[in-house]
file query02.tsv (TSV, C-alpha atoms)
chain	number	residue	atom	x	y	z
A	1	MET	CA	62.85	5.93	18.11
A	2	LYS	CA	59.69	5.99	20.27
A	3	LYS	CA	58.15	8.64	18.03
A	4	PHE	CA	58.80	6.45	14.99
A	5	VAL	CA	57.14	3.44	16.63
A	6	VAL	CA	54.12	5.52	17.66
A	7	MET	CA	53.77	7.00	14.16
A	8	PHE	CA	54.12	3.56	12.57
A	9	ALA	CA	51.42	2.19	14.89
A	10	LEU	CA	49.06	5.06	14.07
A	11	VAL	CA	49.56	4.63	10.33
A	12	THR	CA	48.98	0.89	10.63
A	13	ILE	CA	45.74	1.45	12.58
A	14	ALA	CA	44.57	4.00	10.02
A	15	ILE	CA	45.13	1.52	7.20
A	16	VAL	CA	43.25	-1.26	9.02
A	17	VAL	CA	40.30	1.02	9.84
A	18	LYS	CA	40.20	2.42	6.30
A	19	ALA	CA	36.75	2.59	4.77
A	20	GLN	CA	35.76	-0.50	2.86
A	21	THR	CA	33.58	0.89	0.08
A	22	GLU	CA	31.17	-1.54	-1.54
A	23	THR	CA	28.37	-1.12	-4.07
A	24	ILE	CA	24.94	-2.73	-4.16
A	25	GLU	CA	22.02	-2.49	-6.57
A	26	ILE	CA	18.53	-2.68	-5.07
A	27	LYS	CA	15.26	-3.03	-6.98
A	28	THR	CA	12.70	-0.56	-5.63
A	29	SER	CA	9.05	0.26	-6.22
A	30	ALA	CA	9.89	3.84	-7.28
A	31	ILE	CA	8.03	5.25	-10.27
A	32	CYS	CA	8.80	8.95	-10.66
A	33	SER	CA	11.30	11.74	-10.01
A	34	MET	CA	9.71	12.46	-6.63
A	35	CYS	CA	10.37	8.85	-5.65
A	36	LYS	CA	13.98	9.34	-6.73
A	37	SER	CA	14.33	12.41	-4.52
A	38	THR	CA	12.70	10.73	-1.53
A	39	ILE	CA	14.83	7.58	-1.70
A	40	GLU	CA	18.11	9.38	-2.36
A	41	ARG	CA	17.40	11.86	0.46
A	42	ALA	CA	16.63	9.02	2.90
A	43	LEU	CA	19.82	7.22	1.92
A	44	ALA	CA	21.86	10.41	2.35
A	45	TYR	CA	20.99	10.32	6.05
A	46	GLU	CA	21.81	6.62	6.46
A	47	LYS	CA	25.09	6.18	8.33
A	48	GLY	CA	27.75	4.71	6.03
A	49	VAL	CA	26.04	5.50	2.73
A	50	GLU	CA	28.48	7.48	0.61
A	51	LYS	CA	26.51	7.88	-2.61
A	52	SER	CA	23.24	6.75	-4.17
A	53	ASN	CA	21.59	7.08	-7.55
A	54	LEU	CA	18.14	5.82	-8.48
A	55	ASP	CA	17.47	5.05	-12.14
A	56	VAL	CA	13.73	5.70	-12.34
A	57	LYS	CA	13.41	3.82	-15.65
A	58	THR	CA	14.75	0.55	-14.21
A	59	LYS	CA	13.65	1.28	-10.60
A	60	VAL	CA	17.14	0.25	-9.43
A	61	VAL	CA	19.06	2.29	-6.88
A	62	THR	CA	22.83	1.91	-6.89
A	63	VAL	CA	24.33	2.57	-3.47
A	64	GLN	CA	27.99	3.00	-2.54
A	65	TYR	CA	28.53	2.43	1.17
A	66	ASP	CA	31.16	1.88	3.83
A	67	ALA	CA	30.85	-1.79	4.83
A	68	ASN	CA	32.37	-0.95	8.22
A	69	LYS	CA	29.37	1.28	9.03
A	70	THR	CA	26.35	-0.30	7.34
A	71	ASN	CA	25.23	-3.32	5.33
A	72	PRO	CA	22.74	-4.18	2.56
A	73	ASP	CA	20.00	-5.15	5.03
A	74	LYS	CA	20.17	-1.77	6.79
A	75	ILE	CA	20.11	0.00	3.42
A	76	ARG	CA	17.02	-1.96	2.34
A	77	GLN	CA	15.34	-1.12	5.67
A	78	CYS	CA	16.12	2.56	5.11
A	79	ILE	CA	14.35	2.45	1.74
A	80	ALA	CA	11.40	0.56	3.27
A	81	LYS	CA	11.12	3.18	6.02
A	82	ALA	CA	10.88	5.82	3.29
A	83	GLY	CA	7.78	4.03	1.93
A	84	TYR	CA	9.20	1.89	-0.89
A	85	ASN	CA	9.82	-1.81	-1.46
A	86	ALA	CA	13.51	-2.71	-1.55
A	87	ASP	CA	14.20	-6.08	-3.16
A	88	ASP	CA	12.25	-8.51	-0.95
A	89	VAL	CA	11.83	-6.02	1.95
A	90	LYS	CA	8.29	-4.63	1.99
A	91	ARG	CA	7.66	-0.92	2.46
A	92	GLU	CA	6.40	0.50	5.73
A	93	GLU	CA	2.72	1.29	5.21
A	94	LYS	CA	2.76	4.37	7.45
A	95	ALA	CA	5.52	5.96	5.34
A	96	TYR	CA	3.83	4.81	2.12
A	97	SER	CA	0.58	6.54	3.13
A	98	LYS	CA	2.46	9.85	3.42
A	99	LEU	CA	3.92	9.70	-0.11
A	100	ALA	CA	2.55	11.91	-2.88
A	101	ASP	CA	-0.21	10.25	-4.93
A	102	CYS	CA	2.06	9.96	-7.97
A	103	CYS	CA	4.42	7.77	-5.94
A	104	LYS	CA	1.85	5.26	-4.70
A	105	ASP	CA	1.09	3.13	-7.76
A	106	GLY	CA	4.51	1.44	-7.88
A	107	GLY	CA	4.23	-0.45	-4.61
A	108	HIS	CA	1.17	-2.59	-5.31
call {"tool": "encode", "arguments": {"input": "query02.tsv", "output": "structure tokens"}}
result
Amino acid sequence: MKKFVVMFALVTIAIVVKAQTETIEIKTSAICSMCKSTIERALAYEKGVEKSNLDVKTKVVTVQYDANKTNPDKIRQCIAKAGYNADDVKREEKAYSKLADCCKDGGH
């Protein structure tokens, strides 16, 4: 009986801690395929981000993330640290200065 109670408790905890996947769309200042690569690569290293896809034509990045590990503000900051505007969060100028020339016209 003790084993059953322990197993039941572990299963219950696993269900409560289960990832809470959410999706957000963020308007960026991206303008080319290099921007897409840079933003998606930065997001891949952000804790809790499960998947991202930047549509260069609309400049919108769609991000699936675990709400238990990150939030929209942290995701926007990640994009800003990569050198791009993210909704109303302004890019970090130091990162922007390191972008390829073809990526710099979209942030003005």
call {"tool": "residues_around", "arguments": {"input": "query02.tsv", "residues": "Cys102 (chain A)", "least_positions_apart": "2", "cutoff": "9 Å", "atoms": "all atoms listed in the file", "output": "ChimeraX atom specification"}}
result
/A:31-32,34-35,99-100,104-106
call {"tool": "write_last_selection", "arguments": {"input": "query02.tsv", "atoms": "C-alpha atoms", "output": "PDB file, in the frame of the given file"}}
result
ATOM      1  CA  ILE A  31       8.030   5.250 -10.270  1.00  0.00           C
ATOM      2  CA  CYS A  32       8.800   8.950 -10.660  1.00  0.00           C
ATOM      3  CA  MET A  34       9.710  12.460  -6.630  1.00  0.00           C
ATOM      4  CA  CYS A  35      10.370   8.850  -5.650  1.00  0.00           C
ATOM      5  CA  LEU A  99       3.920   9.700  -0.110  1.00  0.00           C
ATOM      6  CA  ALA A 100       2.550  11.910  -2.880  1.00  0.00           C
ATOM      7  CA  LYS A 104       1.850   5.260  -4.700  1.00  0.00           C
ATOM      8  CA  ASP A 105       1.090   3.130  -7.760  1.00  0.00           C
ATOM      9  CA  GLY A 106       4.510   1.440  -7.880  1.00  0.00           C
TER      10      GLY A 106
END
call {"tool": "atom_distance", "arguments": {"input": "query02.tsv", "atom1": "CA of Ser37 (chain A)", "atom2": "CA of Glu22 (chain A)"}}
result
22.1 Å
call {"tool": "closest_residue", "arguments": {"input": "query02.tsv", "among": "A:Gln20, A:Glu50, A:Lys27, A:Ala42", "to": "Lys90 (chain A)", "atoms": "all atoms listed in the file"}}
result
A:Lys27
call {"tool": "closest_residue", "arguments": {"input": "query02.tsv", "among": "A:Thr62, A:Thr21, A:Ser52, A:Thr28", "to": "Val89 (chain A)", "atoms": "only C-alpha atoms"}}
result
A:Thr28
call {"tool": "residues_around", "arguments": {"input": "query02.tsv", "residues": "Lys36 (chain A)", "least_positions_apart": "3", "cutoff": "9 Å", "atoms": "all atoms listed in the file", "output": "list of chain:residue names"}}
result
A:Ala30, A:Ile31, A:Cys32, A:Ser33, A:Ile39, A:Glu40, A:Arg41, A:Asn53, A:Leu54, A:Asp55, A:Val56, A:Lys59, A:Val61
call {"tool": "write_last_selection", "arguments": {"input": "query02.tsv", "atoms": "C-alpha atoms", "output": "PDB file, in the frame of the given file"}}
result
ATOM      1  CA  ALA A  30       9.890   3.840  -7.280  1.00  0.00           C
ATOM      2  CA  ILE A  31       8.030   5.250 -10.270  1.00  0.00           C
ATOM      3  CA  CYS A  32       8.800   8.950 -10.660  1.00  0.00           C
ATOM      4  CA  SER A  33      11.300  11.740 -10.010  1.00  0.00           C
ATOM      5  CA  ILE A  39      14.830   7.580  -1.700  1.00  0.00           C
ATOM      6  CA  GLU A  40      18.110   9.380  -2.360  1.00  0.00           C
ATOM      7  CA  ARG A  41      17.400  11.860   0.460  1.00  0.00           C
ATOM      8  CA  ASN A  53      21.590   7.080  -7.550  1.00  0.00           C
ATOM      9  CA  LEU A  54      18.140   5.820  -8.480  1.00  0.00           C
ATOM     10  CA  ASP A  55      17.470   5.050 -12.140  1.00  0.00           C
ATOM     11  CA  VAL A  56      13.730   5.700 -12.340  1.00  0.00           C
ATOM     12  CA  LYS A  59      13.650   1.280 -10.600  1.00  0.00           C
ATOM     13  CA  VAL A  61      19.060   2.290  -6.880  1.00  0.00           C
TER      14      VAL A  61
END
call {"tool": "atom_distance", "arguments": {"input": "query02.tsv", "atom1": "CA of Cys103 (chain A)", "atom2": "CA of Ala82 (chain A)"}}
result
11.4 Å
call {"tool": "atom_distance", "arguments": {"input": "query02.tsv", "atom1": "CA of Val63 (chain A)", "atom2": "CA of Lys51 (chain A)"}}
result
5.8 Å
call {"tool": "residues_around", "arguments": {"input": "query02.tsv", "residues": "Val49 (chain A)", "least_positions_apart": "6", "cutoff": "10 Å", "atoms": "all atoms listed in the file", "output": "list of chain:residue names"}}
result
A:Thr21, A:Glu22, A:Thr23, A:Leu43, A:Val63, A:Gln64, A:Tyr65, A:Asp66, A:Ala67, A:Lys69, A:Thr70, A:Asn71, A:Ile75
call {"tool": "build_atoms", "arguments": {"input": "query02.tsv", "residues": "region 86-105 of chain A", "atoms": "N, CA, C and O atoms", "output": "short mmCIF file (atom, residue, chain, number, x, y, z; two decimals), keeping the file's coordinate frame"}}
result
data_model
loop_
_atom_site.label_atom_id
_atom_site.label_comp_id
_atom_site.auth_asym_id
_atom_site.auth_seq_id
_atom_site.Cartn_x
_atom_site.Cartn_y
_atom_site.Cartn_z
N ALA A 86 12.08 -2.63 -1.26
CA ALA A 86 13.51 -2.71 -1.55
C ALA A 86 13.89 -4.18 -1.67
O ALA A 86 14.01 -4.86 -0.65
N ASP A 87 14.02 -4.65 -2.90
CA ASP A 87 14.20 -6.08 -3.16
C ASP A 87 13.05 -6.82 -2.50
O ASP A 87 11.91 -6.53 -2.81
N ASP A 88 13.33 -7.74 -1.58
CA ASP A 88 12.25 -8.51 -0.95
C ASP A 88 11.76 -7.89 0.37
O ASP A 88 10.91 -8.46 1.04
N VAL A 89 12.27 -6.71 0.73
CA VAL A 89 11.83 -6.02 1.95
C VAL A 89 10.64 -5.13 1.59
O VAL A 89 10.74 -4.27 0.72
N LYS A 90 9.52 -5.38 2.26
CA LYS A 90 8.29 -4.63 1.99
C LYS A 90 8.33 -3.25 2.64
O LYS A 90 8.86 -3.08 3.73
N ARG A 91 7.73 -2.30 1.98
CA ARG A 91 7.66 -0.92 2.46
C ARG A 91 6.89 -0.84 3.77
O ARG A 91 6.07 -1.69 4.09
N GLU A 92 7.17 0.21 4.53
CA GLU A 92 6.40 0.50 5.73
C GLU A 92 5.15 1.26 5.30
O GLU A 92 5.23 2.30 4.65
N GLU A 93 4.00 0.72 5.66
CA GLU A 93 2.72 1.29 5.21
C GLU A 93 2.50 2.71 5.70
O GLU A 93 1.93 3.53 4.98
N LYS A 94 2.94 3.02 6.92
CA LYS A 94 2.76 4.37 7.45
C LYS A 94 3.51 5.39 6.58
O LYS A 94 2.97 6.44 6.25
N ALA A 95 4.74 5.07 6.21
CA ALA A 95 5.52 5.96 5.34
C ALA A 95 4.91 6.02 3.95
O ALA A 95 4.84 7.10 3.34
N TYR A 96 4.45 4.87 3.44
CA TYR A 96 3.83 4.81 2.12
C TYR A 96 2.61 5.72 2.06
O TYR A 96 2.40 6.44 1.07
N SER A 97 1.81 5.73 3.11
CA SER A 97 0.58 6.54 3.13
C SER A 97 0.88 8.03 3.06
O SER A 97 0.02 8.81 2.66
N LYS A 98 2.09 8.44 3.44
CA LYS A 98 2.46 9.85 3.42
C LYS A 98 3.08 10.30 2.10
O LYS A 98 3.31 11.48 1.89
N LEU A 99 3.33 9.35 1.18
CA LEU A 99 3.92 9.70 -0.11
C LEU A 99 2.91 10.45 -0.97
O LEU A 99 1.69 10.31 -0.81
N ALA A 100 3.41 11.22 -1.91
CA ALA A 100 2.55 11.91 -2.88
C ALA A 100 1.79 10.86 -3.69
O ALA A 100 2.27 9.73 -3.89
N ASP A 101 0.63 11.19 -4.18
CA ASP A 101 -0.21 10.25 -4.93
C ASP A 101 0.51 9.66 -6.13
O ASP A 101 0.34 8.48 -6.45
N CYS A 102 1.36 10.45 -6.79
CA CYS A 102 2.06 9.96 -7.97
C CYS A 102 3.08 8.87 -7.63
O CYS A 102 3.51 8.13 -8.51
N CYS A 103 3.43 8.74 -6.37
CA CYS A 103 4.42 7.77 -5.94
C CYS A 103 3.80 6.46 -5.45
O CYS A 103 4.52 5.50 -5.18
N LYS A 104 2.49 6.39 -5.36
CA LYS A 104 1.85 5.26 -4.70
C LYS A 104 1.50 4.08 -5.60
O LYS A 104 1.25 3.00 -5.11
N ASP A 105 1.49 4.23 -6.88
CA ASP A 105 1.09 3.13 -7.76
C ASP A 105 2.16 2.06 -7.91
O ASP A 105 1.85 0.93 -8.23
#
